[in-house]
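The data block below is final.cif; it holds mmCIF, N, CA and C atoms.
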```
data_entry
loop_
_atom_site.label_atom_id
_atom_site.label_comp_id
_atom_site.auth_asym_id
_atom_site.auth_seq_id
_atom_site.Cartn_x
_atom_site.Cartn_y
_atom_site.Cartn_z
N MET A 1 3.55 -3.61 -4.73
CA MET A 1 4.93 -3.50 -4.32
C MET A 1 5.25 -4.58 -3.31
N THR A 2 6.49 -4.94 -3.29
CA THR A 2 6.89 -5.98 -2.36
C THR A 2 7.96 -5.49 -1.40
N ASP A 3 8.01 -4.19 -1.16
CA ASP A 3 8.98 -3.65 -0.22
C ASP A 3 8.69 -4.16 1.18
N THR A 4 9.69 -4.14 2.01
CA THR A 4 9.48 -4.51 3.40
C THR A 4 9.83 -3.33 4.29
N ALA A 5 9.18 -3.25 5.41
CA ALA A 5 9.42 -2.16 6.35
C ALA A 5 10.70 -2.42 7.12
N ARG A 6 11.42 -1.36 7.42
CA ARG A 6 12.63 -1.49 8.23
C ARG A 6 12.23 -1.62 9.68
N VAL A 7 12.86 -2.53 10.36
CA VAL A 7 12.56 -2.75 11.77
C VAL A 7 13.84 -2.70 12.57
N ARG A 8 13.69 -2.54 13.88
CA ARG A 8 14.86 -2.53 14.75
C ARG A 8 15.53 -3.89 14.75
N GLN A 9 16.79 -3.88 15.10
CA GLN A 9 17.55 -5.12 15.19
C GLN A 9 16.94 -6.03 16.26
N ALA A 10 16.81 -7.30 15.97
CA ALA A 10 16.26 -8.25 16.93
C ALA A 10 17.28 -8.47 18.06
N PRO A 11 16.79 -8.66 19.26
CA PRO A 11 17.72 -8.96 20.37
C PRO A 11 18.54 -10.20 20.03
N SER A 12 19.75 -10.25 20.57
CA SER A 12 20.63 -11.38 20.25
C SER A 12 19.96 -12.70 20.62
N GLY A 13 20.13 -13.65 19.75
CA GLY A 13 19.55 -14.97 20.00
C GLY A 13 18.13 -15.13 19.46
N GLN A 14 17.54 -14.06 18.96
CA GLN A 14 16.18 -14.17 18.40
C GLN A 14 16.23 -13.95 16.89
N ALA A 15 15.33 -14.59 16.21
CA ALA A 15 15.26 -14.44 14.76
C ALA A 15 14.72 -13.06 14.41
N ALA A 16 15.22 -12.50 13.33
CA ALA A 16 14.73 -11.19 12.87
C ALA A 16 13.35 -11.36 12.26
N TYR A 17 12.51 -10.37 12.46
CA TYR A 17 11.16 -10.40 11.91
C TYR A 17 10.98 -9.17 11.04
N ARG A 18 10.56 -9.36 9.81
CA ARG A 18 10.30 -8.25 8.90
C ARG A 18 8.85 -8.31 8.47
N ARG A 19 8.12 -7.25 8.80
CA ARG A 19 6.71 -7.16 8.46
C ARG A 19 6.58 -6.57 7.07
N PRO A 20 5.74 -7.14 6.20
CA PRO A 20 5.55 -6.56 4.87
C PRO A 20 5.04 -5.14 4.97
N ALA A 21 5.54 -4.26 4.13
CA ALA A 21 5.12 -2.86 4.15
C ALA A 21 3.71 -2.70 3.59
N ASP A 22 3.29 -3.59 2.72
CA ASP A 22 1.98 -3.48 2.09
C ASP A 22 0.91 -4.19 2.90
N THR A 23 0.51 -3.59 3.99
CA THR A 23 -0.61 -4.10 4.75
C THR A 23 -1.87 -3.63 4.05
N PRO A 24 -3.04 -4.20 4.35
CA PRO A 24 -4.26 -3.76 3.68
C PRO A 24 -4.52 -2.26 3.81
N ARG A 25 -4.20 -1.67 4.96
CA ARG A 25 -4.41 -0.23 5.13
C ARG A 25 -3.49 0.58 4.23
N VAL A 26 -2.25 0.14 4.10
CA VAL A 26 -1.29 0.85 3.24
C VAL A 26 -1.71 0.71 1.78
N THR A 27 -2.14 -0.47 1.39
CA THR A 27 -2.57 -0.71 0.02
C THR A 27 -3.78 0.16 -0.32
N ALA A 28 -4.74 0.26 0.58
CA ALA A 28 -5.92 1.08 0.34
C ALA A 28 -5.54 2.56 0.26
N ALA A 29 -4.63 3.00 1.09
CA ALA A 29 -4.19 4.40 1.06
C ALA A 29 -3.48 4.71 -0.26
N LYS A 30 -2.66 3.79 -0.74
CA LYS A 30 -1.99 3.99 -2.02
C LYS A 30 -3.00 4.06 -3.15
N ALA A 31 -4.04 3.23 -3.08
CA ALA A 31 -5.07 3.23 -4.12
C ALA A 31 -5.84 4.55 -4.11
N ARG A 32 -6.15 5.07 -2.91
CA ARG A 32 -6.84 6.36 -2.83
C ARG A 32 -5.99 7.49 -3.41
N LEU A 33 -4.70 7.45 -3.15
CA LEU A 33 -3.80 8.45 -3.73
C LEU A 33 -3.76 8.34 -5.25
N ARG A 34 -3.76 7.12 -5.75
CA ARG A 34 -3.75 6.92 -7.21
C ARG A 34 -5.02 7.47 -7.85
N VAL A 35 -6.18 7.24 -7.20
CA VAL A 35 -7.45 7.75 -7.72
C VAL A 35 -7.41 9.28 -7.75
N ALA A 36 -6.94 9.90 -6.67
CA ALA A 36 -6.87 11.35 -6.61
C ALA A 36 -5.93 11.91 -7.68
N LEU A 37 -4.78 11.29 -7.84
CA LEU A 37 -3.82 11.75 -8.84
C LEU A 37 -4.38 11.61 -10.24
N ASP A 38 -5.00 10.48 -10.52
CA ASP A 38 -5.60 10.27 -11.84
C ASP A 38 -6.67 11.32 -12.13
N GLN A 39 -7.46 11.67 -11.13
CA GLN A 39 -8.48 12.71 -11.31
C GLN A 39 -7.83 14.05 -11.65
N GLN A 40 -6.78 14.40 -10.93
CA GLN A 40 -6.10 15.68 -11.16
C GLN A 40 -5.45 15.74 -12.54
N LEU A 41 -4.94 14.60 -12.99
CA LEU A 41 -4.27 14.56 -14.29
C LEU A 41 -5.20 14.23 -15.44
N GLY A 42 -6.47 13.97 -15.13
CA GLY A 42 -7.44 13.67 -16.17
C GLY A 42 -7.27 12.28 -16.78
N ARG A 43 -6.73 11.36 -16.00
CA ARG A 43 -6.53 9.99 -16.51
C ARG A 43 -7.64 9.09 -16.00
N LYS A 44 -7.83 7.98 -16.71
CA LYS A 44 -8.78 6.97 -16.26
C LYS A 44 -8.10 6.08 -15.23
N THR A 45 -8.82 5.76 -14.17
CA THR A 45 -8.30 4.87 -13.13
C THR A 45 -8.90 3.49 -13.35
N PRO A 46 -8.10 2.44 -13.35
CA PRO A 46 -8.65 1.09 -13.51
C PRO A 46 -9.65 0.78 -12.39
N GLN A 47 -10.68 0.04 -12.73
CA GLN A 47 -11.72 -0.30 -11.76
C GLN A 47 -11.14 -1.08 -10.58
N SER A 48 -10.13 -1.90 -10.83
CA SER A 48 -9.53 -2.67 -9.73
C SER A 48 -8.92 -1.75 -8.68
N VAL A 49 -8.32 -0.64 -9.12
CA VAL A 49 -7.74 0.32 -8.18
C VAL A 49 -8.85 1.03 -7.41
N LYS A 50 -9.92 1.39 -8.11
CA LYS A 50 -11.06 2.03 -7.45
C LYS A 50 -11.67 1.12 -6.39
N ASP A 51 -11.76 -0.16 -6.71
CA ASP A 51 -12.32 -1.13 -5.74
C ASP A 51 -11.47 -1.20 -4.48
N VAL A 52 -10.17 -1.25 -4.64
CA VAL A 52 -9.27 -1.30 -3.48
C VAL A 52 -9.40 -0.02 -2.67
N ALA A 53 -9.48 1.12 -3.35
CA ALA A 53 -9.60 2.41 -2.67
C ALA A 53 -10.88 2.49 -1.84
N GLU A 54 -11.93 1.84 -2.30
CA GLU A 54 -13.22 1.84 -1.61
C GLU A 54 -13.32 0.71 -0.60
N GLY A 55 -12.30 -0.11 -0.49
CA GLY A 55 -12.30 -1.20 0.48
C GLY A 55 -13.08 -2.42 0.05
N LYS A 56 -13.27 -2.57 -1.25
CA LYS A 56 -14.04 -3.72 -1.75
C LYS A 56 -13.19 -4.97 -1.93
N ARG A 57 -11.89 -4.85 -1.77
CA ARG A 57 -11.02 -6.03 -1.94
C ARG A 57 -10.13 -6.16 -0.76
#
```
Kindly transcribe the structure held in the file into structure tokens.
Amino acid sequence: MTDTARVRQAPSGQAAYRRPADTPRVTAAKARLRVALDQQLGRKTPQSVKDVAEGKR
């Protein structure tokens, strides 16, 4: 995903800064949720998702 996190308005005269919402911690958490959901639904999880969930990427 390429969403961005909402941030407070920058003080006047300063450039706005938007931090990407998909930090490595967020990406790993999403991958762990995907693995858990796939297990509950009886689906196969791609190895790339499993690797991210385990912190291998």
### Task
Write out as a ChimeraX atom specification the residues lying within 6.5 Å of segment 43-55 of chain A, counting all atoms listed in the file and excluding same-chain residues fewer than 4 positions away.
/A:27-29,31-32,35,37-39
### Atom-to-atom span, atom CA of Pro24 of chain A and atom C of Lys56 of chain A, Å
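Separating atom CA of Pro24 of chain A from atom C of Lys56 of chain A is a distance of 10.6 Å.
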### Point-to-point distance in Å for atom N of Arg57 of chain A and atom CA of Val26 of chain A
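These two atoms are separated by 13.0 Å.
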What are the centre and the three edge lengths of an axis-aligned box that wraps all atoms of segment 31-39 of chain A in the file, given that 3 Å is added to every side, written as JSON and rounded to one decimal in Å?
```
{"center_x": -6.1, "center_y": 8.6, "center_z": -7.5, "size_x": 10.7, "size_y": 16.8, "size_z": 15.3}
```
### Query
So how far away is atom N of Ala36 of chain A from atom C of Thr23 of chain A, in Å?
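Distance between the two atoms: 18.0 Å.
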